[in-house]
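S.K.: Take this structure first; my questions come after.
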Amino acid sequence: MEEVQFFKVEYFLEVLPKIISKVNVTLELTIAATLFSLILGIFIAVVAYYKIPVIYQITRAYISVMRGTPIVSQLYFFYYGIALYSAVVRNMTPLVAVCVVMSLNEGAFMSESIRAALMSVDEGQKEAAYSLGMTNFQLVRRIIIPQAIRIALPPLFNDIINLTKMTSLAFMLGVPDIMGAAKIEGARTFRYFEIYAAVMFSYWLIIFVLGLIHKYLEKKCAEAY
Amino acid sequence: MEENVMVKVEHLYKNFGNETQVLKDVNLTVNKNEVIAILGPSGTGKSTLLRCLNYLTVPTKGIINIGGKKVDAAKHSKKDVVDLRKHSSMVFQGYNLFKNKTALENVMEALITVQNKPKEEARKIAMNYVAKVGMEDRKDYYPSKLSGGQQQRIAIARAMAVNPNVILFDEPTSALDPELVGEVLSTIKDLAKEGTTMILVTHEIGFAREVATRVLFMDDGKIVADGTPEEIIDNPEDERLQQFLNVITK
Ligand SMILES: Nc1ncnc2c1ncn2[C@@H]1O[C@H](COP(=O)(O)OP(=O)(O)O)[C@@H](O)[C@H]1O
Ligand SMILES: [Mg+2]
């Protein structure tokens with residue numbers, strides 16, 4: 001009788017490269033979504049910072065929805081729900097759709113990190129700048145932004161790590177990422193144990209590297225001044 | 001405006017909301033080289049007066065004229081305010097140094113951004129003032145690495161470097177530990193000796209008597225006594241002023 005191996009190391013090593021070869025999809029999605037959510041986050045944070053009427057109330061409601069509902073429901077609502085009424089959404093590839101939803105979601109979180117950083121520059125420094133005759137623009141560019149970046153970087157990096165994990169959602173719309181490759185391989189060999197071990201290992205590796213950068217940034221930011 | 005009039009305040013009023021009248025018709029003329037000390041119980045509008053001079057607080061009514069730049073509260077533009085501010089500088093109770101800049105960079109900042117000086121020239125000027133307040137050896141430190149007294153001395157250098165018509169001091173030693181008050185007072189004293197025009201809100205009566213050429217006593221939003229240190233501090237006539245001095249010198 002053939003002995004059933006609990007964990008086949010050779011198979012794990014065979015499947016790992018197949019899984020890792022899809023890491024680029026994960027990274028592309030992470031990078032694109034990071035970019036868009038940053039832009040959105042900065043926009044919302046500036047609106048909140050200056051409390052721009054009407055837009056501010058809208059962004060608060062938006063943030064509340066994004067933070068108060070699961071990302072999977074947002075993805076389905078967007079890709080299947082809104083698609084019923086919007087040709088633009090209907091014509092999106094799954095990859096683009098996931099990227100849009102992830103950006104909308106994470107932008108809400110990033111805006112909070114950025115807003116807190118902008119708020120962290122105390123009133124006294126602003127008054128000092130004004131009292132010397134500096135303009136609002138000079139104050140923002142030379143005093144507020146440099147200090148805000150230092151405060152915002154570590155939490156923003158946490159948001160990026162969240163985005164990386166979130167990319168596994170893409171698979172739910174059929175995007176052939178790490179999870180997709182795992183499903184195909186599973187249907188062939190049924191060795192889910194090794195396959196999903198490889199999947200987890202791949203994600204862990206990416207996030208481990210991001211975590212190192214995060215730690216480095218945190219240290220740099222803490223010792224700056 | 002006369003050549004040697006540095007500050008002129010006419011019929012200045014400030015209300016917060018509808019109920020709180022903080023400044024009630026303040027009039028004040030400060031000449032070149034005068035060192036004005038403002039005394040008064042807390043909550044009488046001393047800070048508000050100083051802050052109206054550079055529009056950190058926007059007056060309700062009245063005209064401010066500093067170094068020839070005249071701004072009427074009834075009709076002022078953003079540009080008027082920025083221009084007015086270029087004629088004065090301020091030293092705050094809480095130092096308010098820029099945290100992302102070194103001591104020297106703090107002093108250079110307005111020279112570069114407001115006065116458009118080349119960086120090298122700004123550095124030279126700033127170095128001169130940093131030396132003047134005795135902070136050469138700490139010029140490359142960030143504010144977080146300086147004591148309160150050292151931060152305040154840099155703040156004073158920053159205020160001097162822009163060569164203003166008047167420097168406004170709002171209780172510059174109130175936030176300091178007692179052992180650090182001396183170094184800041186002696187820095188201000190040096191400035192006074194050089195003939196820098198200043199308006200100084202302080203609770204240090206002895207210091208006011210020593211450096212001020214003129215002392216104002218404020219109470220309830222008005223200047224109620226105005227005279228030499230001898231007149232105001234040594235021989236006070238106003239009853240409220242006598243009470244105030246009794247309490248504070250106890
Ligand atoms: N931003 C503000 N809003 C409302 N009231 C204020 C504000 N700033 C100052 N006040 C009030 O104005 C009065 C004078 O304050 P202030 O000028 O700080 O007095 P002083 O410096 O003499 O202690 C106080 O009663 C204070 O509560
Ligand atoms: Mg005060």
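Chain labels follow the order of the structure tokens: the first chain is A, the next B, and so on; residue numbering restarts at 1 in every chain, and ligands are counted from 1 in their shown order.
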Within 12 Å of chain B, which residues of chain A show up when using only C-alpha atoms, listed as a PDB file with C-alpha atoms, in the first residue's frame?
M.R.:
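Below is the file result.pdb, written as the result:
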```
ATOM      1  CA  SER A 120      -0.228  67.232  14.275  1.00  0.00           C
ATOM      2  CA  VAL A 121       1.566  70.467  13.379  1.00  0.00           C
ATOM      3  CA  ASP A 122       0.696  72.728  16.283  1.00  0.00           C
ATOM      4  CA  GLU A 123      -0.974  76.104  16.033  1.00  0.00           C
ATOM      5  CA  GLY A 124       2.060  77.812  17.581  1.00  0.00           C
ATOM      6  CA  GLN A 125       4.341  77.016  14.643  1.00  0.00           C
ATOM      7  CA  LYS A 126       1.744  78.295  12.205  1.00  0.00           C
ATOM      8  CA  GLU A 127       1.393  81.531  14.147  1.00  0.00           C
ATOM      9  CA  ALA A 128       5.164  81.924  14.210  1.00  0.00           C
ATOM     10  CA  ALA A 129       5.271  81.573  10.420  1.00  0.00           C
ATOM     11  CA  TYR A 130       2.448  84.051   9.918  1.00  0.00           C
ATOM     12  CA  SER A 131       3.945  86.524  12.383  1.00  0.00           C
ATOM     13  CA  LEU A 132       7.099  86.633  10.238  1.00  0.00           C
ATOM     14  CA  GLY A 133       5.064  87.433   7.133  1.00  0.00           C
ATOM     15  CA  MET A 134       5.124  83.988   5.557  1.00  0.00           C
ATOM     16  CA  THR A 135       2.207  83.183   3.260  1.00  0.00           C
ATOM     17  CA  ASN A 136      -0.102  80.260   3.797  1.00  0.00           C
ATOM     18  CA  PHE A 137       1.486  78.477   0.848  1.00  0.00           C
ATOM     19  CA  GLN A 138       5.015  78.920   2.242  1.00  0.00           C
ATOM     20  CA  LEU A 139       3.834  77.648   5.604  1.00  0.00           C
ATOM     21  CA  ARG A 141       5.246  73.776   1.821  1.00  0.00           C
ATOM     22  CA  ARG A 142       8.126  74.424   4.199  1.00  0.00           C
ATOM     23  CA  ILE A 143       6.738  73.654   7.640  1.00  0.00           C
ATOM     24  CA  ILE A 144       3.559  71.582   7.546  1.00  0.00           C
ATOM     25  CA  ILE A 145       4.228  69.078   4.753  1.00  0.00           C
ATOM     26  CA  PRO A 146       7.771  68.132   5.855  1.00  0.00           C
ATOM     27  CA  GLN A 147       6.513  67.465   9.376  1.00  0.00           C
ATOM     28  CA  ALA A 148       3.348  65.718   8.220  1.00  0.00           C
ATOM     29  CA  ILE A 149       5.204  63.300   5.942  1.00  0.00           C
ATOM     30  CA  ARG A 150       7.334  62.113   8.807  1.00  0.00           C
ATOM     31  CA  ILE A 151       4.262  61.460  10.936  1.00  0.00           C
ATOM     32  CA  CYS A 221      11.255  59.056  11.083  1.00  0.00           C
ATOM     33  CA  GLU A 223      15.201  59.925  14.889  1.00  0.00           C
ATOM     34  CA  ALA A 224      14.875  62.728  12.313  1.00  0.00           C
ATOM     35  CA  TYR A 225      14.527  65.634  14.717  1.00  0.00           C
TER      36      TYR A 225
END
```
S.K.: Could you name the residues that touch range 106-115 of chain A at 9 Å or less, counting only C-alpha atoms, but leaving out those on the same chain fewer than 6 positions away, as a PyMOL selection string?
M.R.: chain A and resi 33-34+36-46+48-49+59+62-64+66-67+148-149+151-153+155-156+159-160+162-163
S.K.: Given the selection you just returned, output its residues as a file containing N, CA, C and O atoms, formatted as a tab-separated table (two decimals), in the first residue's frame.
M.R.:
```tsv
chain	number	residue	atom	x	y	z
A	33	ALA	N	-2.84	50.38	-6.74
A	33	ALA	CA	-3.85	50.78	-5.74
A	33	ALA	C	-3.24	51.74	-4.72
A	33	ALA	O	-3.91	52.66	-4.25
A	34	THR	N	-1.96	51.53	-4.39
A	34	THR	CA	-1.30	52.44	-3.44
A	34	THR	C	-1.28	53.85	-4.00
A	34	THR	O	-1.61	54.82	-3.32
A	36	PHE	N	-3.23	55.23	-6.37
A	36	PHE	CA	-4.55	55.87	-6.46
A	36	PHE	C	-5.10	56.18	-5.07
A	36	PHE	O	-5.71	57.24	-4.86
A	37	SER	N	-4.90	55.29	-4.14
A	37	SER	CA	-5.47	55.56	-2.81
A	37	SER	C	-4.72	56.70	-2.12
A	37	SER	O	-5.31	57.44	-1.35
A	38	LEU	N	-3.44	56.84	-2.45
A	38	LEU	CA	-2.69	57.98	-1.90
A	38	LEU	C	-3.26	59.30	-2.40
A	38	LEU	O	-3.49	60.23	-1.64
A	39	ILE	N	-3.48	59.36	-3.71
A	39	ILE	CA	-4.03	60.58	-4.31
A	39	ILE	C	-5.39	60.90	-3.68
A	39	ILE	O	-5.65	62.01	-3.23
A	40	LEU	N	-6.23	59.87	-3.62
A	40	LEU	CA	-7.56	60.05	-3.01
A	40	LEU	C	-7.43	60.45	-1.54
A	40	LEU	O	-8.11	61.36	-1.06
A	41	GLY	N	-6.52	59.78	-0.85
A	41	GLY	CA	-6.32	60.05	0.58
A	41	GLY	C	-5.87	61.48	0.83
A	41	GLY	O	-6.36	62.15	1.75
A	42	ILE	N	-4.95	61.96	0.01
A	42	ILE	CA	-4.47	63.34	0.16
A	42	ILE	C	-5.61	64.32	-0.10
A	42	ILE	O	-5.82	65.26	0.66
A	43	PHE	N	-6.37	64.04	-1.15
A	43	PHE	CA	-7.50	64.91	-1.47
A	43	PHE	C	-8.48	65.00	-0.30
A	43	PHE	O	-8.84	66.09	0.15
A	44	ILE	N	-8.88	63.84	0.21
A	44	ILE	CA	-9.85	63.84	1.31
A	44	ILE	C	-9.26	64.51	2.55
A	44	ILE	O	-9.94	65.26	3.25
A	45	ALA	N	-7.98	64.28	2.80
A	45	ALA	CA	-7.34	64.86	3.99
A	45	ALA	C	-7.30	66.39	3.89
A	45	ALA	O	-7.54	67.09	4.87
A	46	VAL	N	-7.01	66.89	2.69
A	46	VAL	CA	-6.96	68.35	2.51
A	46	VAL	C	-8.35	68.95	2.70
A	46	VAL	O	-8.53	69.98	3.35
A	48	ALA	N	-10.64	67.74	4.57
A	48	ALA	CA	-10.93	67.70	6.00
A	48	ALA	C	-10.13	68.77	6.74
A	48	ALA	O	-10.63	69.41	7.67
A	49	TYR	N	-8.88	68.98	6.31
A	49	TYR	CA	-8.01	69.94	6.98
A	49	TYR	C	-8.59	71.36	6.89
A	49	TYR	O	-8.61	72.09	7.85
A	59	THR	N	-17.31	63.59	2.13
A	59	THR	CA	-16.18	62.68	2.37
A	59	THR	C	-16.34	61.96	3.71
A	59	THR	O	-15.93	60.82	3.84
A	62	TYR	N	-18.64	59.14	3.12
A	62	TYR	CA	-17.92	58.17	2.30
A	62	TYR	C	-16.97	57.32	3.16
A	62	TYR	O	-16.95	56.08	3.07
A	63	ILE	N	-16.22	58.00	4.03
A	63	ILE	CA	-15.29	57.28	4.89
A	63	ILE	C	-16.04	56.33	5.81
A	63	ILE	O	-15.66	55.18	6.02
A	64	SER	N	-17.17	56.80	6.31
A	64	SER	CA	-17.97	55.98	7.21
A	64	SER	C	-18.42	54.69	6.52
A	64	SER	O	-18.36	53.61	7.11
A	66	MET	N	-16.99	53.25	3.83
A	66	MET	CA	-15.83	52.44	3.49
A	66	MET	C	-15.28	51.69	4.71
A	66	MET	O	-14.81	50.56	4.60
A	67	ARG	N	-15.34	52.35	5.86
A	67	ARG	CA	-14.81	51.71	7.06
A	67	ARG	C	-15.83	50.80	7.71
A	67	ARG	O	-15.47	49.89	8.45
A	148	ALA	N	4.45	66.66	8.37
A	148	ALA	CA	3.35	65.72	8.22
A	148	ALA	C	3.82	64.41	7.58
A	148	ALA	O	3.38	63.32	7.98
A	149	ILE	N	4.73	64.51	6.62
A	149	ILE	CA	5.20	63.30	5.94
A	149	ILE	C	5.85	62.35	6.95
A	149	ILE	O	5.59	61.15	6.96
A	151	ILE	N	5.27	62.06	10.06
A	151	ILE	CA	4.26	61.46	10.94
A	151	ILE	C	3.42	60.44	10.17
A	151	ILE	O	3.04	59.40	10.70
A	152	ALA	N	3.14	60.74	8.89
A	152	ALA	CA	2.20	59.91	8.14
A	152	ALA	C	2.84	58.63	7.60
A	152	ALA	O	2.15	57.63	7.40
A	153	LEU	N	4.14	58.66	7.35
A	153	LEU	CA	4.78	57.52	6.67
A	153	LEU	C	4.54	56.17	7.35
A	153	LEU	O	4.09	55.23	6.68
A	155	PRO	N	2.16	54.98	9.49
A	155	PRO	CA	0.80	54.46	9.33
A	155	PRO	C	0.44	54.19	7.88
A	155	PRO	O	-0.28	53.23	7.59
A	156	LEU	N	0.95	55.01	6.96
A	156	LEU	CA	0.66	54.77	5.55
A	156	LEU	C	1.24	53.44	5.11
A	156	LEU	O	0.66	52.71	4.31
A	159	ASP	N	-1.01	50.80	5.90
A	159	ASP	CA	-2.11	50.74	4.93
A	159	ASP	C	-1.67	49.98	3.68
A	159	ASP	O	-2.45	49.24	3.08
A	160	ILE	N	-0.41	50.17	3.27
A	160	ILE	CA	0.09	49.49	2.07
A	160	ILE	C	0.15	47.98	2.33
A	160	ILE	O	-0.18	47.16	1.46
A	162	ASN	N	-1.80	46.36	4.27
A	162	ASN	CA	-3.19	45.93	4.17
A	162	ASN	C	-3.61	45.73	2.72
A	162	ASN	O	-4.29	44.76	2.39
A	163	LEU	N	-3.18	46.66	1.87
A	163	LEU	CA	-3.51	46.56	0.44
A	163	LEU	C	-2.97	45.26	-0.15
A	163	LEU	O	-3.64	44.61	-0.93
```
S.K.: Using only C-alpha atoms and all ligand atoms, find each protein or nucleic acid residue lying at most 8 Å from ligand 1; present the set as a ChimeraX atom specification.
M.R.: /B:16-17,20-22,40-49,57,170,218,221
S.K.: Can you list, as an MDAnalysis selection string, every protein, DNA or RNA residue that comes within 10 Å of Glu121 in chain B when you count only C-alpha atoms, leaving out same-chain residues fewer than 3 positions away?
M.R.: chainID B and resid 108 111:112 117:118 124:127
S.K.: Take the selection from the previous step and output its residues with all heavy atoms, as a compact mmCIF listing (two decimals), in the first residue's frame.
M.R.:
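File produced: result20.txt:
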```
# COMPACT_ATOMS: atom_id res chain seq x y z
N MET B 108 17.03 81.53 9.74
CA MET B 108 17.16 81.81 8.30
C MET B 108 15.83 81.85 7.55
O MET B 108 15.70 82.50 6.51
CB MET B 108 18.03 80.74 7.62
CG MET B 108 19.50 80.78 7.99
SD MET B 108 20.32 79.24 7.45
CE MET B 108 20.11 79.36 5.67
N LEU B 111 14.14 85.00 6.30
CA LEU B 111 15.05 85.74 5.42
C LEU B 111 14.95 85.18 4.01
O LEU B 111 14.97 85.92 3.03
CB LEU B 111 16.49 85.63 5.94
CG LEU B 111 16.72 86.23 7.33
CD1 LEU B 111 18.13 85.93 7.82
CD2 LEU B 111 16.47 87.73 7.31
N ILE B 112 14.81 83.85 3.93
CA ILE B 112 14.72 83.20 2.61
C ILE B 112 13.33 83.37 2.01
O ILE B 112 13.18 83.80 0.87
CB ILE B 112 15.08 81.70 2.74
CG1 ILE B 112 16.54 81.55 3.15
CG2 ILE B 112 14.81 80.97 1.43
CD1 ILE B 112 16.93 80.14 3.54
N LYS B 117 16.07 86.51 0.32
CA LYS B 117 17.53 86.61 0.30
C LYS B 117 18.13 85.29 -0.18
O LYS B 117 17.57 84.22 0.08
CB LYS B 117 18.04 86.93 1.70
CG LYS B 117 17.69 88.33 2.17
CD LYS B 117 18.57 88.73 3.35
CE LYS B 117 18.60 90.22 3.56
NZ LYS B 117 17.31 90.83 3.87
N PRO B 118 19.27 85.35 -0.89
CA PRO B 118 19.94 84.10 -1.25
C PRO B 118 20.34 83.35 0.02
O PRO B 118 20.61 83.96 1.06
CB PRO B 118 21.19 84.56 -2.01
CG PRO B 118 21.02 86.00 -2.27
CD PRO B 118 19.98 86.53 -1.35
N LYS B 124 24.53 83.93 6.63
CA LYS B 124 25.47 84.88 7.24
C LYS B 124 24.76 85.77 8.26
O LYS B 124 25.22 85.95 9.38
CB LYS B 124 26.07 85.75 6.14
CG LYS B 124 27.59 85.59 6.01
CD LYS B 124 27.98 86.43 4.88
CE LYS B 124 29.28 87.01 4.71
NZ LYS B 124 29.31 87.56 3.32
N ILE B 125 23.62 86.31 7.81
CA ILE B 125 22.85 87.19 8.70
C ILE B 125 22.40 86.41 9.94
O ILE B 125 22.55 86.86 11.07
CB ILE B 125 21.62 87.76 7.96
CG1 ILE B 125 22.08 88.65 6.81
CG2 ILE B 125 20.73 88.55 8.93
CD1 ILE B 125 20.97 89.07 5.87
N ALA B 126 21.87 85.20 9.68
CA ALA B 126 21.34 84.39 10.77
C ALA B 126 22.44 84.05 11.77
O ALA B 126 22.24 84.11 12.99
CB ALA B 126 20.70 83.12 10.21
N MET B 127 23.61 83.71 11.24
CA MET B 127 24.75 83.36 12.11
C MET B 127 25.07 84.51 13.08
O MET B 127 25.34 84.29 14.26
CB MET B 127 26.00 83.07 11.26
CG MET B 127 26.17 81.65 10.81
SD MET B 127 26.13 80.49 12.17
CE MET B 127 27.59 80.99 13.05
```
S.K.: Residues at most 8 Å from range 131-138 of chain B, counting only C-alpha atoms, excluding those fewer than 5 positions away in the same chain, as an mmCIF file with C-alpha atoms, in the first residue's frame?
M.R.:
```cif
data_model
loop_
_atom_site.group_PDB
_atom_site.id
_atom_site.type_symbol
_atom_site.label_atom_id
_atom_site.label_comp_id
_atom_site.auth_asym_id
_atom_site.auth_seq_id
_atom_site.Cartn_x
_atom_site.Cartn_y
_atom_site.Cartn_z
ATOM 1 C CA ALA B 103 18.260 76.489 15.363
ATOM 2 C CA GLN B 150 17.850 78.022 24.532
ATOM 3 C CA ARG B 153 16.900 82.651 22.720
ATOM 4 C CA ILE B 154 16.731 81.231 19.201
ATOM 5 C CA ILE B 156 14.506 85.956 19.853
ATOM 6 C CA ALA B 157 17.256 85.680 17.230
ATOM 7 C CA THR B 187 19.196 88.462 26.102
#
```
S.K.: Could you pull out the strand (DSSP E or B) residues of range 9-250 of chain B, going by DSSP on the backbone, and write them as a VMD selection string?
M.R.: chain B and resid 9 to 16 20 to 31 35 to 39 61 to 66 69 to 72 75 88 to 91 166 to 170 198 to 201 214 to 219 222 to 227
S.K.: Which residues are close to range 194-203 of chain A, i.e. within 7 Å by only C-alpha atoms, leaving aside same-chain residues fewer than 5 positions away? Reply as a ChimeraX atom specification.
M.R.: /A:7,12,15-16,19-20,178-179,182
S.K.: Based on DSSP run over this structure's backbone, return all residues of range 16-140 of chain A in helix (DSSP H, G or I), as a ChimeraX atom specification.
M.R.: /A:16-20,23-49,55-68,71-84,87-90,94-119,123-131,136-140
S.K.: So that I can see what lies close to Gly62 in chain B, please list as JSON, numbers by chain the residues with an atom at most 8 Å from it, counting only C-alpha atoms and leaving out residues fewer than 6 positions away in the same chain.
M.R.: {"B": [9, 10, 11, 12, 13, 72, 73, 74]}
S.K.: Based on the selection just made, write all heavy atoms of those residues as a tab-separated table (two decimals), in the first residue's frame.
M.R.:
```tsv
chain	number	residue	atom	x	y	z
B	9	VAL	N	-1.54	102.88	17.08
B	9	VAL	CA	-2.81	102.15	17.19
B	9	VAL	C	-3.90	103.18	17.45
B	9	VAL	O	-3.78	103.98	18.38
B	9	VAL	CB	-2.75	101.14	18.36
B	9	VAL	CG1	-4.08	100.41	18.50
B	9	VAL	CG2	-1.61	100.16	18.16
B	10	GLU	N	-4.94	103.15	16.62
B	10	GLU	CA	-6.01	104.13	16.79
B	10	GLU	C	-7.36	103.44	16.96
B	10	GLU	O	-7.78	102.67	16.10
B	10	GLU	CB	-6.07	105.05	15.57
B	10	GLU	CG	-4.85	105.95	15.42
B	10	GLU	CD	-4.83	106.65	14.07
B	10	GLU	OE1	-5.42	107.73	13.96
B	10	GLU	OE2	-4.24	106.10	13.12
B	11	HIS	N	-7.99	103.72	18.06
B	11	HIS	CA	-9.36	103.25	18.35
B	11	HIS	C	-9.53	101.77	18.06
B	11	HIS	O	-10.36	101.37	17.26
B	11	HIS	CB	-10.38	104.07	17.55
B	11	HIS	CG	-10.28	105.52	17.84
B	11	HIS	ND1	-10.52	106.05	19.08
B	11	HIS	CD2	-9.90	106.58	17.04
B	11	HIS	CE1	-10.34	107.37	19.05
B	11	HIS	NE2	-9.94	107.71	17.83
B	12	LEU	N	-8.70	100.98	18.72
B	12	LEU	CA	-8.72	99.55	18.48
B	12	LEU	C	-9.75	98.86	19.39
B	12	LEU	O	-9.76	99.04	20.61
B	12	LEU	CB	-7.32	98.97	18.76
B	12	LEU	CG	-7.14	97.48	18.48
B	12	LEU	CD1	-7.22	97.19	16.98
B	12	LEU	CD2	-5.79	96.99	19.03
B	13	TYR	N	-10.60	98.09	18.76
B	13	TYR	CA	-11.62	97.31	19.48
B	13	TYR	C	-11.49	95.84	19.07
B	13	TYR	O	-11.21	95.53	17.92
B	13	TYR	CB	-13.03	97.75	19.09
B	13	TYR	CG	-13.40	99.14	19.58
B	13	TYR	CD1	-12.98	100.26	18.86
B	13	TYR	CD2	-14.17	99.32	20.71
B	13	TYR	CE1	-13.33	101.54	19.29
B	13	TYR	CE2	-14.53	100.59	21.15
B	13	TYR	CZ	-14.10	101.70	20.43
B	13	TYR	OH	-14.45	102.95	20.85
B	72	ASP	N	-6.53	99.14	8.10
B	72	ASP	CA	-7.80	99.46	8.76
B	72	ASP	C	-8.63	98.18	8.83
B	72	ASP	O	-8.85	97.52	7.81
B	72	ASP	CB	-8.53	100.52	7.92
B	72	ASP	CG	-9.80	101.01	8.60
B	72	ASP	OD1	-10.28	100.33	9.53
B	72	ASP	OD2	-10.29	102.08	8.19
B	73	ALA	N	-9.09	97.85	10.03
B	73	ALA	CA	-9.84	96.61	10.20
B	73	ALA	C	-11.09	96.59	9.33
B	73	ALA	O	-11.55	95.52	8.90
B	73	ALA	CB	-10.21	96.40	11.66
B	74	ALA	N	-11.62	97.77	9.06
B	74	ALA	CA	-12.86	97.84	8.30
B	74	ALA	C	-12.67	97.38	6.86
B	74	ALA	O	-13.60	96.86	6.23
B	74	ALA	CB	-13.40	99.27	8.32
```
S.K.: For Glu28 in chain A, list every protein, DNA or RNA residue within 12 Å, evaluated using only C-alpha atoms, and leave out those in the same chain fewer than 4 positions away; present the list as a PDB file with N, CA, C and O atoms, in the first residue's frame.
M.R.:
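Here's the written file part.pdb:
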```
ATOM      1  N   LYS A  22       3.270  34.219  -9.826  1.00  0.00           N
ATOM      2  CA  LYS A  22       2.115  35.131  -9.914  1.00  0.00           C
ATOM      3  C   LYS A  22       2.245  36.326  -8.967  1.00  0.00           C
ATOM      4  O   LYS A  22       1.338  37.153  -8.881  1.00  0.00           O
ATOM      5  N   VAL A  23       3.359  36.366  -8.265  1.00  0.00           N
ATOM      6  CA  VAL A  23       3.557  37.463  -7.317  1.00  0.00           C
ATOM      7  C   VAL A  23       3.501  38.810  -8.018  1.00  0.00           C
ATOM      8  O   VAL A  23       3.047  39.801  -7.454  1.00  0.00           O
ATOM      9  N   ASN A  24       3.921  38.827  -9.284  1.00  0.00           N
ATOM     10  CA  ASN A  24       3.923  40.110  -9.999  1.00  0.00           C
ATOM     11  C   ASN A  24       2.528  40.709 -10.107  1.00  0.00           C
ATOM     12  O   ASN A  24       2.365  41.928 -10.033  1.00  0.00           O
ATOM     13  N   ALA A  32      -0.361  49.905  -7.985  1.00  0.00           N
ATOM     14  CA  ALA A  32      -1.368  50.770  -8.622  1.00  0.00           C
ATOM     15  C   ALA A  32      -2.363  51.278  -7.585  1.00  0.00           C
ATOM     16  O   ALA A  32      -2.673  52.479  -7.534  1.00  0.00           O
ATOM     17  N   ALA A  33      -2.843  50.378  -6.740  1.00  0.00           N
ATOM     18  CA  ALA A  33      -3.851  50.783  -5.743  1.00  0.00           C
ATOM     19  C   ALA A  33      -3.243  51.740  -4.721  1.00  0.00           C
ATOM     20  O   ALA A  33      -3.912  52.656  -4.249  1.00  0.00           O
ATOM     21  N   THR A  34      -1.964  51.529  -4.387  1.00  0.00           N
ATOM     22  CA  THR A  34      -1.299  52.440  -3.444  1.00  0.00           C
ATOM     23  C   THR A  34      -1.285  53.854  -4.003  1.00  0.00           C
ATOM     24  O   THR A  34      -1.614  54.822  -3.319  1.00  0.00           O
ATOM     25  N   LEU A  35      -0.929  53.936  -5.291  1.00  0.00           N
ATOM     26  CA  LEU A  35      -0.854  55.239  -5.935  1.00  0.00           C
ATOM     27  C   LEU A  35      -2.197  55.958  -5.927  1.00  0.00           C
ATOM     28  O   LEU A  35      -2.314  57.111  -5.507  1.00  0.00           O
ATOM     29  N   LEU A  95      -9.378  42.878 -13.182  1.00  0.00           N
ATOM     30  CA  LEU A  95      -8.196  43.448 -12.533  1.00  0.00           C
ATOM     31  C   LEU A  95      -8.405  44.935 -12.252  1.00  0.00           C
ATOM     32  O   LEU A  95      -8.135  45.416 -11.144  1.00  0.00           O
ATOM     33  N   VAL A  96      -8.901  45.663 -13.247  1.00  0.00           N
ATOM     34  CA  VAL A  96      -9.142  47.096 -13.076  1.00  0.00           C
ATOM     35  C   VAL A  96     -10.208  47.330 -12.013  1.00  0.00           C
ATOM     36  O   VAL A  96     -10.055  48.195 -11.137  1.00  0.00           O
ATOM     37  N   VAL A  98     -11.047  45.468  -9.469  1.00  0.00           N
ATOM     38  CA  VAL A  98     -10.497  45.229  -8.127  1.00  0.00           C
ATOM     39  C   VAL A  98      -9.624  46.404  -7.708  1.00  0.00           C
ATOM     40  O   VAL A  98      -9.680  46.878  -6.572  1.00  0.00           O
ATOM     41  N   CYS A  99      -8.829  46.884  -8.647  1.00  0.00           N
ATOM     42  CA  CYS A  99      -7.931  47.995  -8.353  1.00  0.00           C
ATOM     43  C   CYS A  99      -8.735  49.223  -7.931  1.00  0.00           C
ATOM     44  O   CYS A  99      -8.389  49.912  -6.970  1.00  0.00           O
ATOM     45  N   LEU A 163      -3.183  46.658   1.866  1.00  0.00           N
ATOM     46  CA  LEU A 163      -3.513  46.560   0.443  1.00  0.00           C
ATOM     47  C   LEU A 163      -2.972  45.265  -0.146  1.00  0.00           C
ATOM     48  O   LEU A 163      -3.638  44.605  -0.934  1.00  0.00           O
ATOM     49  N   THR A 164      -1.766  44.915   0.233  1.00  0.00           N
ATOM     50  CA  THR A 164      -1.147  43.707  -0.303  1.00  0.00           C
ATOM     51  C   THR A 164      -2.004  42.483   0.004  1.00  0.00           C
ATOM     52  O   THR A 164      -2.262  41.643  -0.865  1.00  0.00           O
ATOM     53  N   THR A 167      -5.222  42.242  -2.027  1.00  0.00           N
ATOM     54  CA  THR A 167      -5.168  41.854  -3.445  1.00  0.00           C
ATOM     55  C   THR A 167      -5.675  40.442  -3.676  1.00  0.00           C
ATOM     56  O   THR A 167      -6.070  40.104  -4.783  1.00  0.00           O
ATOM     57  N   ALA A 170      -8.821  39.738  -5.680  1.00  0.00           N
ATOM     58  CA  ALA A 170      -8.871  39.775  -7.139  1.00  0.00           C
ATOM     59  C   ALA A 170      -9.280  38.416  -7.685  1.00  0.00           C
ATOM     60  O   ALA A 170     -10.004  38.299  -8.683  1.00  0.00           O
ATOM     61  N   ASP A 177      -4.165  35.480 -10.067  1.00  0.00           N
ATOM     62  CA  ASP A 177      -3.066  35.885  -9.190  1.00  0.00           C
ATOM     63  C   ASP A 177      -2.568  34.664  -8.415  1.00  0.00           C
ATOM     64  O   ASP A 177      -2.786  33.528  -8.834  1.00  0.00           O
TER      65      ASP A 177
END
```
S.K.: Nearest to ligand 2 among B:Lys61, B:His203, B:Lys14, B:Arg123, with distances taken over only C-alpha atoms and all ligand atoms: which residue is it?
M.R.: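 Result for the nearest residue to ligand 2: B:His203.
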S.K.: For a quick check of understanding, using only C-alpha atoms and all ligand atoms, which of B:Leu146, B:Val224, B:Val30, B:Val201 has the smallest distance to ligand 2?
M.R.: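 Looking only at the distances to ligand 2, the closest residue turns out to be B:Val201.
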S.K.: Would you work out the distance separating CA of Ile161 in chain A from CA of Ser103 in chain A, expressed in Å to one decimal?
M.R.: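 Separating CA of Ile161 in chain A from CA of Ser103 in chain A is a distance of 13.3 Å.
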